[in-house]
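The next block holds one structure in the form of C-alpha cells; read it before the comments.
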Protein chains: 2
Amino acid sequence: MASVVTTQLPGTNYLLLALNLLAACTTSVLSFQFISARQAQPSTAGITYKTYYFNQKIDQFGFAEDSTYKQRYLISDDHWKKPGGPILFYTGNEGDIALFCNNTGFMWDVAEEFGAMLVFAEHRYYGESLPFGDLSFSDPKHLNYLTSEQALADFAVLLRHLKGTIDGAQNSPVIAIGGSYGGMLAAWFRMKYPHVVVGALAASAPIWLFEDLVPCNSYYEIVTNDFKKSGPGCSESISNSWAAINRMAETGDSLLWLSNAFHLCSPLKSREDVAAFKGWLSETWVNLAMVDYPYPANFLEPLPAWPIQVVCKYLKNPKCGDKELLQNIFQAVNVYYNYTGNAECLNISQTSSGSVSDLGWSYQACTEMVMPLCSDGINDMFEAQPWDLQAYSDECYKQWGVRPRDTWITTMYGGKNISAHSNIVFSNGGLDPWSSGGVNENISDTLVAIVIPEGAHHLDLRSNNAYDPKSVLQARALEIQYMKRWIEQYKANKN
Amino acid sequence: MASVVTTQLPGTNYLLLALNLLAACTTSVLSFQFISARQAQPSTAGITYKTYYFNQKIDQFGFAEDSTYKQRYLISDDHWKKPGGPILFYTGNEGDIALFCNNTGFMWDVAEEFGAMLVFAEHRYYGESLPFGDLSFSDPKHLNYLTSEQALADFAVLLRHLKGTIDGAQNSPVIAIGGSYGGMLAAWFRMKYPHVVVGALAASAPIWLFEDLVPCNSYYEIVTNDFKKSGPGCSESISNSWAAINRMAETGDSLLWLSNAFHLCSPLKSREDVAAFKGWLSETWVNLAMVDYPYPANFLEPLPAWPIQVVCKYLKNPKCGDKELLQNIFQAVNVYYNYTGNAECLNISQTSSGSVSDLGWSYQACTEMVMPLCSDGINDMFEAQPWDLQAYSDECYKQWGVRPRDTWITTMYGGKNISAHSNIVFSNGGLDPWSSGGVNENISDTLVAIVIPEGAHHLDLRSNNAYDPKSVLQARALEIQYMKRWIEQYKANKN
C-alpha cells in the first residue's frame with residue numbers, strides 16, 4: 001500500500017454503462033468502444049474510497065521476468081463491520097478502475113446491508129496499472145503479460161495481501177463481482193480460485209461466446225429484436241438501409257449527398273470509407289441495444305429513457321426511397337450522437353477512438369478473447385457477414401504481431417462443462433446482445449442463472465432507480481440472497 | 001502425433017520407486033535423486049505401448065513466445081473398450097515418462113477391469129520433452145516455462161487433442177493418476193481442470209508441504225520412526241553418528257580413517273567434504289525410508305525386502321566407541337549402495353548425480369516448489385538443521401539466477417482450503433516421509449484420504465505383489481471403487 005488518496009464521489013458521477021466488446025463485422029474487429037455516462041440518480045454521493053497501489057509480479061507464471069508493476073485498487077470501508085465483515089471484490093475489467101468503482105452502484109447500495117468492505121481491483125494494462133508504463137503496448141513482448149490468467153492471479157495475490165495486512169480481514173469471506181468481461185473474470189475467479197472467493201456474481205458475462213458453444217448469429221439477432229420490439233418498421237428500416245447506402249456509394253455525387261445528409265465531419269470518398277461508415281452504423285445499433293435502459297442516462301451525449309424507442313420514432317417507413325430512408329437513419333443515429341443538438345458534425349471514427357482501454361482489449365480479442373460473431377441479413381437487420389477466423393487472425397497479426405488462439409479459453413475455463421464448480425450467479429439482460437453468450441439456465445443448485453427480460457447490459461449492477469423494471473429488482477434481491485447464503489456457508493465451515 | 005514407436009515392456013522392467021525431492025539439509029537443497037529399481041514380479045510383461053509426440057506451445061500463458069516443443073506421451077490401448085472406455089492419464093512428473101509408464105504397475109493391473117486406455121504424458125523439461133533441446137537448462141530465460149501451471153496446461157491441451165482425434169475417445173471420462181510430485185499434479189489437475197478429468201488419484205502427494213501448513217520437522221521424524229521401529233538401537237546409532245563424524249573430522253588422520261572405513265572413492269579432505277558426506281548419509285537414510293518396501297526390489301543396487309530392518313541389523317549398539325559406531329554405519333550404508341558386493345568404492349556424490357531430471361527438479365524447488373524441511377536432533381535422528389528460507393533462496397540464486405516464491409503454491413492451489421473441490425483420492429504411506437505433507441484425513445465425501453500404515457512412497461501405485469501388506473491391497477480396492485464411482489457419475493451426467 002504505497003500511497004493513499006481519499007476520493008469523494010461527485011454528486012453526478014461518470015458511469016461505464018456498456019462496452020462494445022467486438023465490433024460489427026470481422027474486419028473491424030479491432031475497434032472497440034467504451035461509453036461513459038453520467039448517472040441519472042446517483043445513490044453513491046457522499047461515499048468515499050481510498051486509492052492504493054500494490055506491487056504485483058509482472059509475470060505471475062514465470063521467474064525470468066522478476067520485475068513488478070503497481071496495480072491500483074480502491075477500497076471503501078465506510079460500512080465494513082470488522083472483524084470478519086465480507087469483502088465485495090470487483091474483478092476489474094478492461095478500463096480505468098475508477099469508472100467501475102464509481103459506477104457499480106449495486107455494490108455501494110448493498111455495502112451497508114452486508115457490513116461489507118468494497119474493493120475494486122484494476123485489471124493490468126488498464127487505467128494506471130500499466131506494467132511497462134508507456135511501453136506497455138509497444139510490442140508483443142511488452143504485451144505478453146496481458147491475459148485473463150495473469151489478471152486472475154493478480155486478484156488472488158492482492159487478496160492474500162489484503163487479508164494478511166488489513167486488521168480484521170483475515171476471516172472475511174470474499175465475493176467476486178463483475179460485469180461484462182469483469183463478470184467473466186468474476187466467474188472464472190471462483191472457478192479457478194475457490195479458496196479465495198466464496199462465490200461470484202457474474203453480470204452479463206458472455207463466458208460461452210467462444211468457439212461454437214453458441215450460434216454466432218444470436219448476438220445480432222438480439223439487437224435486431226430490440227429494434228423490432230421498439231417500433232413498427234424500425235428494424236426493417238435499418239435492414240433496408242445497407243442496400244440504400246451501397247446504391248448511394250455508386251457515384252461520387254450521391255456519396256457526397258450521403259456525407260452531407262449524415263453531417264459527417266469528413267466526407268466519404270472511398271469504398272473503405274463506406275465500409276467504415278457501415279461499421280460505425282452497426283456499432284451504433286449494437287451500442288443502443290446494450291444501453292437500452294429504462295431511464296434517461298447521460299452518455300458521451302445524453303440519451304433519453306428507452307433510447308431505442310426514441311430512435312425508432314424516426315424509422316417507421318422502411319419502404320420509402322433511398323434518400324428519405326437514409327435521412328431517417330440519420331435522424332435515428334443523431335439521437336445517439338447528438339441528442340443535445342450541440343454536435344456540429346458526426347465523426348465515424350468516434351466509436352473506435354483510440355484510448356488505452358481500446359488498445360488493451362483489442363490485444364486481448366486478438367489473443368485469448370476470440371468471440372465469433374456473425375450476421376446473415378435474414379434473421380437480423382445487419383449486412384450478412386460470416387465469421388471468418390482466418391481473416392480475423394490475419395488482421396490481428398497485422399495489428400499486433402500475434403495470432404489468436406481460439407480454442408484456449410474453453411480449454412482453460414471449461415466451456416459448457418462447468419458443473420463441477422459452485423456458487424456462481426450468472427445474470428443476463430434480455431435486451432443485451434451479450435446475453436447470447438451468457439449462462440441463461442441454471443446448471444446446478446449453486447450455479448444459478450438469472451434472466452432480466454427488460455435488462456440491457458448488466459443493468460443489475462447499476463444503482464437502484466425509480467424506473468427500474470420489476471425484473472431487475474427481483475434479480476438484485478435474488479443476488480443478495482445468494483451472496484448471503486455463500487457468506488453463511490463460509491461461516492458454517494469456519495465453525 | 002508425429003511418430004509412433006511400439007515398445008514391448010521387458011520381462012523385468014525398471015521401476016522408478018522413489019524420489020528424493022529434497023535433500024537432508026537446506027544447504028544441500030539442490031541435490032536430488034531418482035532411484036531406479038527392477039521390479040520383483042512384473043505383471044506388465046507382454047503389454048505394449050506406443051510412443052507419440054505432440055506439439056505444445058512452449059508458453060501456454062503468453063503469445064510473444066509462439067514456438068512449440070514436442071511433448072512425448074505413451075499410449076496403451078490393449079484393453080481399451082471403445083467408444084467411451086475411460087482414459088487413465090498419468091500426470092508425468094520429474095523424470096523420463098518411460099520410467100513412470102513401465103513402473104506404475106497399478107494402472108497396468110487395472111486396465112482390463114476398467115476397459116481403459118492408459119496414457120502417460122511426459123512433464124515438460126524432462127525425458128525427451130525438452131522445450132529448447134540442449135539449451136533448456138542453460139539460463140533462467142530458457143527455464144522460464146518450467147512450472148507446474150505450464151505442465152497442467154500441457155496436460156489439458158493434450159487431452160483435448162486426444163479426445164478430438166482418437167476415434168471413440170470423445171466421450172471417454174478421464175482420471176488423472178500420479179505419484180509424488182506427479183500425485184500433486186494429478187490433484188491440482190482435478191482442482192484446476194475439473195472439466196478435463198472426472199477425478200484424480202494422488203498417491204504420496206505432499207501438497208501441504210509448503211509454508212507452515214505442516215510442521216517442517218515431521219518429515220525427518222517419520223524417517224526416524226521407520227528406523228526406530230526396525231531394530232533396537234538403530235535410530236540411536238544414526239543419531240550418535242553425527243557427533244562421531246564431527247570428532248573424526250578434527251584431525252587429518254582420523255578423516256583419512258573415516259574415508260577408508262567407508263570405502264569412499266574420494267577421501268574427505270575439507271570441512272565441505274565432511275558436510276557433503278553427512279548430507280549423503282542423511283539422503284541415504286531418507287531414501288531407505290521412502291523405499292522400505294515389503295519385498296525385494298532392485299535399485300541402482302539391489303535391496304532386500306524391508307531394507308531398513310536389514311540395515312538396522314548393523315546398528316544395534318549405539319553406545320560403542322566412535323570408530324566401531326562408524327564402522328557399523330558403513331555396514332548399514334553398504335546395504336543400500338553395495339548389496340551385491342560389487343561396488344569397489346562408495347561415491348558420496350552418487351545420490352546427487354547430475355541427470356537432466358535432477359536439474360529440472362532443482363530449478364522447480366528453487367522457484368515454486370519450496371518445501372520447508374527441518375530437523376532438531378531431538379525428535380529425530382538427524383543433525384539439527386533449522387529451515388532457513390534466506391539461505392535457501394541465496395543458494396537458489398547462486399545456482400539458477402532465480403529466487404523462490406515460497407507463498408505462490410498455496411496462493412495458486414489453495415493450501416489447506418481445498419474443500420470446494422471434489423473427486424480426489426489422496427493416498428499416503430505411513431512409512432513415507434512425504435506423508436508428512438500429504439492429506440491424511442478426509443476433507444469431504446469426495447476428497448478422501450487413504451492411509452497405508454505399512455506403505456512406503458506410493459506403494460499403492462506399484463504392481464500387485466504376493467508380499468503386499470493387507471493395507472495396500474485395501475487401499476487399491478478403495479481407489480478402484482472411487483474411480484468407478486467417478487466414471488459412473490460422468491455417465492449419469494451425460495444421460
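Chain labels follow the order of the C-alpha cells: the first chain is A, the next B, and so on; residue numbering restarts at 1 in every chain, and ligands are counted from 1 in their shown order.
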Among segment 61-249 of chain A, which residues carry a DSSP assignment of strand (DSSP E), reported as JSON, numbers by chain?
{"A": [68, 69, 70, 71, 72, 73, 74, 75, 76, 87, 88, 89, 90, 91, 117, 118, 119, 120, 121, 174, 175, 176, 177, 178, 179, 199, 200, 201, 202, 203]}
Rows by chain and residue number, chain A within 10 Å of chain B, shortest pair, only C-alpha atoms, as a Markdown table:
```
| residue | atom | partner | partner_atom | distance |
| --- | --- | --- | --- | --- |
| A:Asp59 | CA | B:Phe61 | CA | 9.8 |
| A:Gln60 | CA | B:Trp408 | CA | 9.0 |
| A:Phe61 | CA | B:Glu149 | CA | 7.4 |
| A:Gly62 | CA | B:Asn144 | CA | 5.4 |
| A:Phe63 | CA | B:Asn144 | CA | 5.9 |
| A:Ala64 | CA | B:Pro140 | CA | 5.3 |
| A:Glu65 | CA | B:Lys141 | CA | 8.3 |
| A:Asp66 | CA | B:Val402 | CA | 8.4 |
| A:Asp139 | CA | B:Ala64 | CA | 8.9 |
| A:Pro140 | CA | B:Ala64 | CA | 5.3 |
| A:Lys141 | CA | B:Ala64 | CA | 5.5 |
| A:His142 | CA | B:Ala64 | CA | 8.6 |
| A:Leu143 | CA | B:Ala64 | CA | 7.9 |
| A:Asn144 | CA | B:Gly62 | CA | 5.4 |
| A:Tyr145 | CA | B:Gly62 | CA | 6.5 |
| A:Leu146 | CA | B:Gly62 | CA | 8.0 |
| A:Thr147 | CA | B:Gly62 | CA | 7.3 |
| A:Ser148 | CA | B:Phe61 | CA | 9.3 |
| A:Glu149 | CA | B:Phe61 | CA | 7.4 |
| A:Gln150 | CA | B:Phe61 | CA | 8.2 |
| A:Ala153 | CA | B:Met412 | CA | 7.6 |
| A:Ala156 | CA | B:Thr411 | CA | 6.7 |
| A:Val157 | CA | B:Thr411 | CA | 6.7 |
| A:Leu159 | CA | B:Thr411 | CA | 9.6 |
| A:Arg160 | CA | B:Thr411 | CA | 7.5 |
| A:Arg190 | CA | B:Ala420 | CA | 9.9 |
| A:Met191 | CA | B:Lys192 | CA | 7.8 |
| A:Lys192 | CA | B:Lys192 | CA | 5.8 |
| A:Tyr193 | CA | B:Met412 | CA | 7.3 |
| A:Pro194 | CA | B:Ala420 | CA | 6.3 |
| A:His195 | CA | B:Gly414 | CA | 5.3 |
| A:Val196 | CA | B:Gly414 | CA | 7.6 |
| A:Val198 | CA | B:Ala420 | CA | 9.0 |
| A:Cys366 | CA | B:Phe63 | CA | 9.8 |
| A:Thr367 | CA | B:Phe63 | CA | 7.0 |
| A:Glu368 | CA | B:Phe63 | CA | 9.2 |
| A:Gly401 | CA | B:Ala64 | CA | 8.5 |
| A:Val402 | CA | B:Phe63 | CA | 6.5 |
| A:Arg403 | CA | B:Phe63 | CA | 7.8 |
| A:Pro404 | CA | B:Phe63 | CA | 8.5 |
| A:Arg405 | CA | B:Phe63 | CA | 8.8 |
| A:Thr407 | CA | B:Val157 | CA | 9.4 |
| A:Trp408 | CA | B:Val157 | CA | 8.5 |
| A:Thr410 | CA | B:His195 | CA | 9.6 |
| A:Thr411 | CA | B:Ala156 | CA | 6.7 |
| A:Met412 | CA | B:Tyr193 | CA | 7.3 |
| A:Tyr413 | CA | B:Tyr193 | CA | 7.5 |
| A:Gly414 | CA | B:His195 | CA | 5.3 |
| A:Gly415 | CA | B:His195 | CA | 8.3 |
| A:Lys416 | CA | B:His195 | CA | 8.8 |
| A:Asn417 | CA | B:His195 | CA | 5.5 |
| A:Ile418 | CA | B:His195 | CA | 6.2 |
| A:Ser419 | CA | B:His195 | CA | 8.1 |
| A:Ala420 | CA | B:Pro194 | CA | 6.3 |
| A:His421 | CA | B:His421 | CA | 7.8 |
| A:Ser422 | CA | B:Ala420 | CA | 7.8 |
| A:Asn423 | CA | B:Ala420 | CA | 9.7 |
| A:Asn493 | CA | B:Ser419 | CA | 9.5 |
```
When you look at His161 of chain B with a cut-off of 12 Å (counting only C-alpha atoms), what residues show up, excluding the ones that are within fewer than 2 positions of it in the same chain? I need them as a PyMOL selection string.
(chain A and resi 407+411) or (chain B and resi 1+53-56+154-159+163-167+169-170+196)
So that I can see what lies close to Ile87 of chain B, please list as a list in words the residues with an atom at most 7 Å from it, counting only C-alpha atoms and leaving out residues fewer than 5 positions away in the same chain.
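The residues satisfying every condition are Ala116, Met117, Leu118, Val119, Ser172, Pro173, Val174 and Ile175 of chain B.
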What's around Cys345 of chain A at 6 Å? Count only C-alpha atoms, leave out sequence neighbours fewer than 5 positions away in its own chain, and write the answer as a tab-separated table (two decimals) with N, CA and C atoms, in the first residue's frame.
```tsv
chain	number	residue	atom	x	y	z
A	263	HIS	N	-24.26	14.66	-42.03
A	263	HIS	CA	-23.45	15.70	-41.37
A	263	HIS	C	-22.11	15.14	-40.91
A	264	LEU	N	-21.49	14.36	-41.78
A	264	LEU	CA	-20.21	13.75	-41.40
A	264	LEU	C	-19.11	14.80	-41.37
A	265	CYS	N	-18.23	14.66	-40.42
A	265	CYS	CA	-17.12	15.61	-40.29
A	265	CYS	C	-16.17	15.47	-41.49
```
